[in-house]
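data.txt follows (compact mmCIF, C-alpha atoms):
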```txt
# COMPACT_ATOMS: atom_id res chain seq x y z
CA MET A 1 0.00 0.00 0.00
CA ASP A 2 1.40 3.37 -1.07
CA ALA A 3 0.58 5.12 2.21
CA VAL A 4 2.39 2.50 4.31
CA TYR A 5 5.44 2.61 2.04
CA LEU A 6 5.61 6.41 2.17
CA TYR A 7 5.22 6.37 5.93
CA GLN A 8 7.94 3.79 6.54
CA SER A 9 10.49 5.28 4.14
CA CYS A 10 9.90 9.02 4.45
CA VAL A 11 8.64 9.49 8.00
CA VAL A 12 9.81 6.62 10.20
CA HIS A 13 13.24 6.10 8.66
CA GLU A 14 13.57 9.69 7.38
CA GLN A 15 15.17 8.56 4.11
CA CYS A 16 14.54 11.96 2.53
CA ASP A 17 14.86 15.68 3.22
CA LYS A 18 12.35 17.63 5.33
CA THR A 19 10.53 19.09 2.32
CA THR A 20 9.96 15.62 0.90
CA GLN A 21 8.84 14.41 4.33
CA GLN A 22 6.29 17.20 4.41
CA ILE A 23 4.97 16.20 1.00
CA ALA A 24 4.98 12.52 1.99
CA ILE A 25 3.00 12.97 5.21
CA THR A 26 0.46 15.12 3.35
CA GLU A 27 0.12 12.37 0.75
CA ILE A 28 -0.22 9.79 3.52
CA ALA A 29 -3.03 11.78 5.14
CA GLY A 30 -4.75 12.17 1.78
CA LEU A 31 -4.44 8.49 0.87
CA ALA A 32 -5.64 7.33 4.29
CA HIS A 33 -8.56 9.75 4.10
CA PHE A 34 -9.40 8.50 0.60
CA TYR A 35 -9.29 4.84 1.61
CA VAL A 36 -11.70 5.44 4.48
CA PHE A 37 -14.26 7.53 2.61
CA ASN A 38 -14.15 5.59 -0.67
CA HIS A 39 -15.94 2.38 0.28
CA SER A 40 -14.83 0.64 -2.91
CA LYS A 41 -11.34 0.56 -1.41
CA THR A 42 -11.57 -2.55 0.76
CA VAL A 43 -8.04 -1.94 2.03
CA MET A 44 -9.50 0.07 4.91
CA ALA A 45 -11.03 -3.13 6.33
CA THR A 46 -7.73 -5.01 6.44
CA PRO A 47 -5.77 -5.45 9.68
CA THR A 48 -2.69 -3.93 7.99
CA PHE A 49 -4.48 -0.66 7.34
CA THR A 50 -6.03 -0.58 10.83
CA ILE A 51 -2.64 -1.12 12.48
CA PHE A 52 -1.16 1.56 10.24
CA ALA A 53 -3.97 4.02 11.00
CA THR A 54 -3.64 3.33 14.74
CA GLU A 55 0.10 4.02 14.67
CA LEU A 56 -0.59 7.33 12.91
CA TRP A 57 -3.34 8.20 15.37
CA LEU A 58 -1.11 7.59 18.39
CA LYS A 59 1.39 10.04 16.87
CA GLU A 60 -1.24 12.52 15.69
CA GLN A 61 -0.22 15.47 17.89
CA VAL A 62 3.48 14.94 17.11
CA LEU A 63 2.79 14.70 13.37
CA LEU A 64 0.56 17.77 13.38
CA ALA A 65 3.24 19.78 15.13
CA LYS A 66 5.98 18.56 12.79
CA TYR A 67 3.97 18.77 9.55
CA PRO A 68 1.63 21.78 9.76
CA LYS A 69 0.22 21.19 6.27
CA ILE A 70 -1.83 18.29 7.64
CA LYS A 71 -3.40 20.50 10.28
CA SER A 72 -4.35 23.18 7.80
CA GLY A 73 -5.66 20.67 5.28
CA TYR A 74 -7.64 18.33 7.54
CA LYS A 75 -8.83 20.45 10.46
CA GLY A 76 -6.12 18.99 12.69
CA MET A 77 -7.86 15.67 13.20
CA VAL A 78 -7.38 13.54 10.10
CA PHE A 79 -6.12 10.42 11.88
CA SER A 80 -8.68 10.63 14.69
CA GLU A 81 -11.38 10.87 12.04
CA ILE A 82 -10.00 7.86 10.18
CA ILE A 83 -10.11 5.77 13.37
CA ALA A 84 -13.67 6.93 14.07
CA GLN A 85 -14.77 6.02 10.54
CA GLN A 86 -13.27 2.57 10.91
CA LEU A 87 -15.25 2.09 14.12
CA SER A 88 -18.53 3.13 12.48
CA GLY A 89 -19.41 -0.35 11.22
CA GLY A 90 -21.57 -2.98 12.88
CA GLU A 91 -20.90 -4.37 16.34
CA PHE A 92 -18.96 -7.42 15.10
CA VAL A 93 -16.77 -5.28 12.82
CA ARG A 94 -16.20 -2.78 15.63
CA ASP A 95 -14.97 -5.45 18.03
CA MET A 96 -12.56 -6.76 15.39
CA ILE A 97 -11.28 -3.25 14.63
CA VAL A 98 -10.75 -2.52 18.34
CA ALA A 99 -8.81 -5.77 18.77
CA VAL A 100 -6.55 -4.86 15.83
CA MET A 101 -6.14 -1.31 17.19
CA VAL A 102 -4.72 -2.82 20.37
CA LYS A 103 -2.15 -4.64 18.21
CA GLY A 104 -1.36 -1.33 16.52
CA ALA A 105 -0.69 0.13 19.96
CA GLY A 106 1.93 -2.53 20.67
CA GLY A 107 -0.60 -4.83 22.30
CA SER A 108 -1.41 -2.30 25.02
CA ALA A 109 -5.05 -1.42 25.71
CA ASP A 110 -3.76 1.03 28.31
CA THR A 111 -1.88 2.95 25.60
CA LEU A 112 -5.05 3.35 23.52
CA ALA A 113 -7.02 4.65 26.49
CA ALA A 114 -4.18 6.92 27.63
CA TYR A 115 -3.76 8.61 24.25
CA ASN A 116 -7.49 9.07 23.74
CA ILE A 117 -7.82 10.76 27.14
CA LYS A 118 -4.66 12.80 26.48
CA TYR A 119 -6.08 14.09 23.19
CA LEU A 120 -9.42 14.89 24.81
CA ARG A 121 -7.72 16.85 27.60
CA SER A 122 -5.71 18.83 25.05
CA ALA A 123 -8.81 19.57 22.97
CA LEU A 124 -10.60 20.94 26.04
CA ALA A 125 -7.63 23.03 27.22
CA VAL A 126 -7.89 25.68 24.48
CA ASP A 127 -10.11 28.78 24.50
CA SER A 128 -12.04 27.72 21.39
CA PRO A 129 -12.37 23.92 21.48
CA ASN A 130 -12.58 22.02 18.19
CA PHE A 131 -15.87 20.20 18.76
CA ASP A 132 -15.48 18.25 15.55
CA LEU A 133 -12.41 16.64 17.11
CA ILE A 134 -14.01 16.33 20.57
CA ARG A 135 -17.03 14.58 19.07
CA VAL A 136 -14.76 12.10 17.30
CA LEU A 137 -12.70 11.41 20.43
CA ILE A 138 -15.79 10.73 22.57
CA PHE A 139 -17.07 8.37 19.88
CA ILE A 140 -13.74 6.49 19.80
CA LEU A 141 -13.82 6.22 23.60
CA MET A 142 -17.38 4.94 23.60
CA VAL A 143 -16.85 2.26 20.96
CA SER A 144 -13.43 1.07 22.11
CA CYS A 145 -14.54 0.83 25.76
CA ASP A 146 -17.70 -1.02 24.74
CA GLY A 147 -15.75 -3.46 22.60
CA ASN A 148 -12.81 -4.19 24.88
CA GLY A 149 -12.88 -4.77 28.64
CA GLU A 150 -9.17 -3.97 29.02
CA ILE A 151 -9.62 -0.54 27.41
CA LEU A 152 -12.63 0.07 29.62
CA ALA A 153 -10.59 -0.81 32.72
CA ALA A 154 -7.75 1.48 31.59
CA PHE A 155 -10.25 4.25 30.88
CA GLU A 156 -11.64 3.83 34.39
CA ARG A 157 -8.20 3.86 36.03
CA ARG A 158 -7.26 7.05 34.24
CA SER A 159 -10.44 8.92 35.28
CA GLY A 160 -11.54 9.12 31.66
CA ILE A 161 -15.13 9.69 32.76
CA THR A 162 -14.07 13.07 34.16
CA PHE A 163 -12.85 14.33 30.79
CA ALA A 164 -15.75 12.81 28.84
CA THR A 165 -18.13 14.65 31.19
CA LYS A 166 -16.18 17.90 30.91
CA ALA A 167 -16.37 17.64 27.11
CA PHE A 168 -20.14 17.08 27.37
CA LEU A 169 -20.50 20.13 29.64
CA ALA A 170 -18.33 22.27 27.34
CA ALA A 171 -20.70 21.53 24.45
CA ALA A 172 -23.78 22.13 26.62
CA ASN A 173 -22.40 25.53 27.65
CA ARG A 174 -22.16 26.54 23.99
CA ILE A 175 -25.79 25.98 23.13
CA THR A 176 -27.15 29.01 21.27
CA LYS A 177 -29.86 29.59 18.66
CA SER A 178 -27.20 29.50 15.95
CA MET A 179 -24.88 26.93 17.50
CA ASP A 180 -22.43 25.03 15.33
CA PHE A 181 -23.37 21.68 13.86
CA ASP A 182 -20.31 20.18 15.59
CA VAL A 183 -21.59 21.30 19.01
CA LEU A 184 -24.94 19.61 18.37
CA GLN A 185 -23.24 16.43 17.21
CA THR A 186 -20.98 16.46 20.28
CA LEU A 187 -24.14 16.52 22.40
CA ARG A 188 -25.55 13.60 20.42
CA VAL A 189 -22.41 11.50 20.90
CA SER A 190 -22.25 12.46 24.59
CA TYR A 191 -25.79 11.15 25.12
CA LEU A 192 -24.88 7.93 23.30
CA PHE A 193 -21.73 7.67 25.41
CA PHE A 194 -23.60 7.83 28.72
CA ASP A 195 -26.28 5.50 27.39
CA ASN A 196 -23.62 2.92 26.50
CA MET A 197 -21.48 3.21 29.61
CA SER A 198 -23.11 0.35 31.51
CA LEU A 199 -20.39 0.52 34.16
CA LEU A 200 -22.00 3.76 35.30
CA GLN A 201 -24.79 1.61 36.75
CA THR A 202 -22.51 -0.54 38.88
CA ASN A 203 -19.49 1.61 39.73
CA PRO A 204 -20.10 4.40 42.26
CA GLY A 205 -16.65 5.80 41.52
CA TRP A 206 -17.73 6.62 37.98
CA ILE A 207 -20.91 8.30 39.17
CA ALA A 208 -19.03 10.40 41.73
CA LYS A 209 -16.41 11.57 39.21
CA ALA A 210 -19.07 12.38 36.60
CA LEU A 211 -21.04 14.41 39.16
CA GLU A 212 -17.94 16.36 40.18
CA ALA A 213 -17.21 17.11 36.51
CA GLY A 214 -20.66 18.63 35.95
CA LEU A 215 -22.86 15.82 34.61
CA LEU A 216 -26.09 17.21 36.10
CA SER A 217 -25.57 20.66 34.57
CA ALA A 218 -24.67 19.17 31.19
CA PHE A 219 -27.92 17.20 31.01
CA LEU A 220 -30.07 20.04 32.34
CA LEU A 221 -28.64 22.53 29.85
CA SER A 222 -28.90 20.23 26.84
CA CYS A 223 -31.92 17.96 27.24
CA SER A 224 -34.44 20.27 25.57
CA VAL A 225 -32.15 20.92 22.60
CA VAL A 226 -31.47 17.20 22.15
CA GLU A 227 -35.21 16.53 22.36
CA THR A 228 -36.20 19.15 19.76
CA LYS A 229 -33.24 19.15 17.36
CA LEU A 230 -32.14 15.51 17.51
CA ASP A 231 -34.41 12.81 18.94
CA SER A 232 -36.82 12.63 21.88
CA SER A 233 -35.83 9.00 22.53
CA LEU A 234 -32.19 10.14 22.79
CA ALA A 235 -33.22 12.80 25.30
CA MET A 236 -34.64 10.03 27.49
CA VAL A 237 -31.04 9.01 28.20
CA ALA A 238 -30.91 11.97 30.60
CA VAL A 239 -33.89 10.61 32.51
CA LYS A 240 -32.30 7.15 32.61
CA VAL A 241 -28.99 8.49 33.97
CA PHE A 242 -30.72 10.63 36.61
CA ASP A 243 -32.60 7.54 37.76
CA ILE A 244 -29.31 5.63 38.06
CA ILE A 245 -27.84 8.46 40.15
CA LYS A 246 -30.88 8.50 42.45
CA LYS A 247 -30.45 4.80 43.13
CA ALA A 248 -26.84 5.52 44.10
CA PHE A 249 -27.92 8.00 46.79
CA VAL A 250 -27.46 5.26 49.37
CA LEU A 251 -23.70 5.67 48.87
CA HIS A 252 -21.89 8.25 50.96
CA SER A 253 -19.25 8.87 48.26
CA VAL A 254 -21.91 9.71 45.68
CA LEU A 255 -23.67 12.15 48.01
CA LEU A 256 -20.38 13.87 48.80
CA ALA A 257 -19.70 14.29 45.09
CA LEU A 258 -23.25 15.54 44.51
CA GLU A 259 -23.34 18.21 47.22
CA GLN A 260 -21.41 21.06 45.59
CA PRO A 261 -22.63 20.76 41.95
CA PHE A 262 -26.21 20.33 43.18
CA GLN A 263 -25.96 23.50 45.27
CA GLU A 264 -24.42 25.39 42.33
CA ILE A 265 -27.33 24.39 40.09
CA ILE A 266 -29.86 25.56 42.67
CA GLU A 267 -28.06 28.89 43.14
CA SER A 268 -27.52 29.56 39.43
CA ASP A 269 -31.12 28.65 38.57
CA ILE A 270 -30.18 26.87 35.34
CA ALA A 271 -32.83 24.20 35.87
CA LYS A 272 -35.95 25.50 34.11
CA PRO A 273 -38.80 23.60 32.42
CA ARG A 274 -38.13 24.97 28.91
CA VAL A 275 -34.41 24.17 29.18
CA ALA A 276 -34.66 20.79 30.88
CA GLY A 277 -37.42 19.53 28.57
CA LEU A 278 -38.22 15.87 29.17
CA LEU A 279 -35.91 15.94 32.16
CA TRP A 280 -37.94 18.51 34.11
CA LYS A 281 -40.29 16.14 35.96
CA GLU A 282 -37.38 13.85 36.78
CA TRP A 283 -35.40 16.86 38.03
CA VAL A 284 -38.19 17.88 40.43
CA SER A 285 -38.26 14.38 41.91
CA PHE A 286 -34.45 14.28 41.89
CA THR A 287 -34.26 17.60 43.76
CA ASP A 288 -36.61 16.49 46.53
CA MET A 289 -34.72 13.25 47.08
CA ALA A 290 -31.30 14.92 46.87
CA LYS A 291 -32.19 17.56 49.47
CA GLU A 292 -33.51 14.89 51.84
CA ARG A 293 -30.48 12.61 51.45
CA LEU A 294 -27.98 15.46 51.72
CA MET A 295 -29.65 16.69 54.91
CA ILE A 296 -29.50 13.20 56.40
CA MET A 297 -25.85 12.88 55.37
CA ASP A 298 -24.99 16.20 57.03
CA VAL A 299 -26.69 15.14 60.27
CA ALA A 300 -24.96 11.76 60.12
CA ASP A 301 -21.59 13.45 59.62
CA MET A 302 -22.28 15.71 62.60
CA CYS A 303 -23.17 12.72 64.73
CA ARG A 304 -20.06 10.87 63.62
CA VAL A 305 -17.84 13.67 64.91
CA THR A 306 -19.26 13.47 68.41
CA LYS A 307 -19.91 9.72 68.44
CA SER A 308 -16.66 8.81 70.17
CA SER A 309 -17.19 11.25 73.05
CA SER A 310 -20.80 10.43 73.88
CA SER A 311 -23.13 7.48 73.62
CA ARG A 312 -26.08 9.85 73.32
CA THR A 313 -25.65 12.00 70.20
CA CYS A 314 -28.20 14.21 68.42
CA GLY A 315 -31.00 12.34 70.09
CA PHE A 316 -29.72 8.95 68.92
CA SER A 317 -27.87 6.09 70.60
CA ALA A 318 -25.45 3.99 68.59
CA VAL A 319 -26.21 0.32 68.11
CA SER A 320 -23.21 -1.99 68.32
CA GLY A 321 -22.08 -3.39 64.99
CA PHE A 322 -23.55 -0.63 62.79
CA ASP A 323 -21.89 2.33 61.09
CA ILE A 324 -23.61 5.66 60.53
CA ASP A 325 -21.72 6.26 57.29
CA VAL A 326 -24.82 5.02 55.49
CA PRO A 327 -26.97 8.06 54.53
CA ASN A 328 -30.28 6.61 55.69
CA PHE A 329 -28.61 5.94 59.01
CA MET A 330 -31.87 5.81 60.97
CA HIS A 331 -31.90 2.09 60.23
CA SER A 332 -28.54 1.78 61.98
CA LEU A 333 -29.38 3.71 65.13
CA THR A 334 -31.94 3.41 67.90
CA PHE A 335 -33.98 6.54 68.60
CA ILE A 336 -34.03 7.67 72.24
CA SER A 337 -37.30 9.39 72.97
```

Before anything else, please render the file you have as structure tokens.
Amino acid sequence: MDAVYLYQSCVVHEQCDKTTQQIAITEIAGLAHFYVFNHSKTVMATPTFTIFATELWLKEQVLLAKYPKIKSGYKGMVFSEIIAQQLSGGEFVRDMIVAVMVKGAGGSADTLAAYNIKYLRSALAVDSPNFDLIRVLIFILMVSCDGNGEILAAFERRSGITFATKAFLAAANRITKSMDFDVLQTLRVSYLFFDNMSLLQTNPGWIAKALEAGLLSAFLLSCSVVETKLDSSLAMVAVKVFDIIKKAFVLHSVLLALEQPFQEIIESDIAKPRVAGLLWKEWVSFTDMAKERLMIMDVADMCRVTKSSSSRTCGFSAVSGFDIDVPNFMHSLTFIS
């Protein structure tokens, strides 16, 4: 394949001058782009091309810095886009592509997760984020995590949920009447991401980190737009996620993570029926439950502080063998009338 030959000879082994390298890498980007978007070129489905594309993607930021013509010609995301296009097939094809991508990363799922999160962090760190790139990176995260347990575990270890949530919130904060198409599509992919992240339902650590990163605000700000401009069934993802979070209110760590963002939402008054859309009724119920559980947690924390110095605390007496860390701690204590 011409692109692989050019890459090996002109870029990896540098068997030519810098001007020729610049031309070569531009040709490589063009050929790779052509192979992906011209479906008659079956080369894109071969493991060789996937490994090649993965190697390029892992070096994307280095290549963009070294060969600026790529950045100007392909919006600074050509290799990320190629990977995303490869992952756009059916579930069986996706799983195969992800497995080959791991080979392209030297057999390391951790490397794939690390670079994806690194790119996402960099994309969010600028004043005017490139939401076309952010959308693509969230999509790659979603599909690769869904298709490979090792990548999912690496994503979890590296707090990837924090940056995925921050990207979601960044798009939600840029909702306007004339918002960019890329912002809207970033919202769409973010909803799909949280709909697919089944670990969110079983891992309180994920929920806590997502809450701290602004998940509630992101859904509240975007739900109505997703409902009206995209798909009402997609907007129901927000309701589903809020229900998952409510069920996690029994966990002290989740309530601690909820406290500050919840208070900020109340004070900023961003939760309004016309903005929240389908989420509004769920938000009202969510608010009532959150206030109750947070109040109980605060009282429990107060009691915990004085527990060691007195057997009679806040009108309650501790029962041996129980711990008042649990928010609904009334089940763990005996009331003294």

Could you build a table of the residues in range 93-133 of chain A lying no more than 10 Å from range 158-171 of chain A, giving for each the nearest pair of atoms and their separation in Å rounded to one decimal place, using all atoms listed in the file, ordered by chain and ascending residue number, as a tab-separated table?
```
residue	atom	partner	partner_atom	distance
A:Asp110	CA	A:Arg158	CA	9.1
A:Ala113	CA	A:Arg158	CA	8.1
A:Ala114	CA	A:Arg158	CA	7.3
A:Asn116	CA	A:Gly160	CA	8.9
A:Ile117	CA	A:Gly160	CA	6.1
A:Lys118	CA	A:Gly160	CA	9.4
A:Leu120	CA	A:Phe163	CA	6.9
A:Arg121	CA	A:Phe163	CA	6.5
A:Ala123	CA	A:Ala167	CA	8.8
A:Leu124	CA	A:Ala167	CA	6.7
A:Pro129	CA	A:Ala170	CA	8.5
A:Phe131	CA	A:Ala171	CA	7.6
```

Exercise. Identify which of the residues A:Leu258, A:Ala235, A:Ser222, A:Glu292 lies closest to Thr176 in chain A, counting only C-alpha atoms when measuring atom-to-atom distances.
Key: A:Ser222

Quiz item: How many Å separate CA of Leu192 in chain A from CA of Arg274 in chain A?
Solution: 22.3 Å

Exercise. Quote the spacing between CA of Lys103 in chain A and CA of Lys66 in chain A in Å to one decimal place.
Key: 25.2 Å

Practice problem: Go ahead and compute the interatomic distance for CA of Trp57 in chain A and CA of Asp195 in chain A, in Å to one decimal. | Solution: 26.0 Å

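Distance annotation: of A:Val241, A:Val102, A:Ile134, A:Ile175, the residue with the minimal separation from Gly149 in chain A is A:Val102; atom set is only C-alpha atoms.
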
Self-check item: Sel. within 9 Å of pt (-11.8, -5.2, 19.8), counting only C-alpha atoms, output as a ChimeraX atom specification
Solution: /A:92-102,144-149
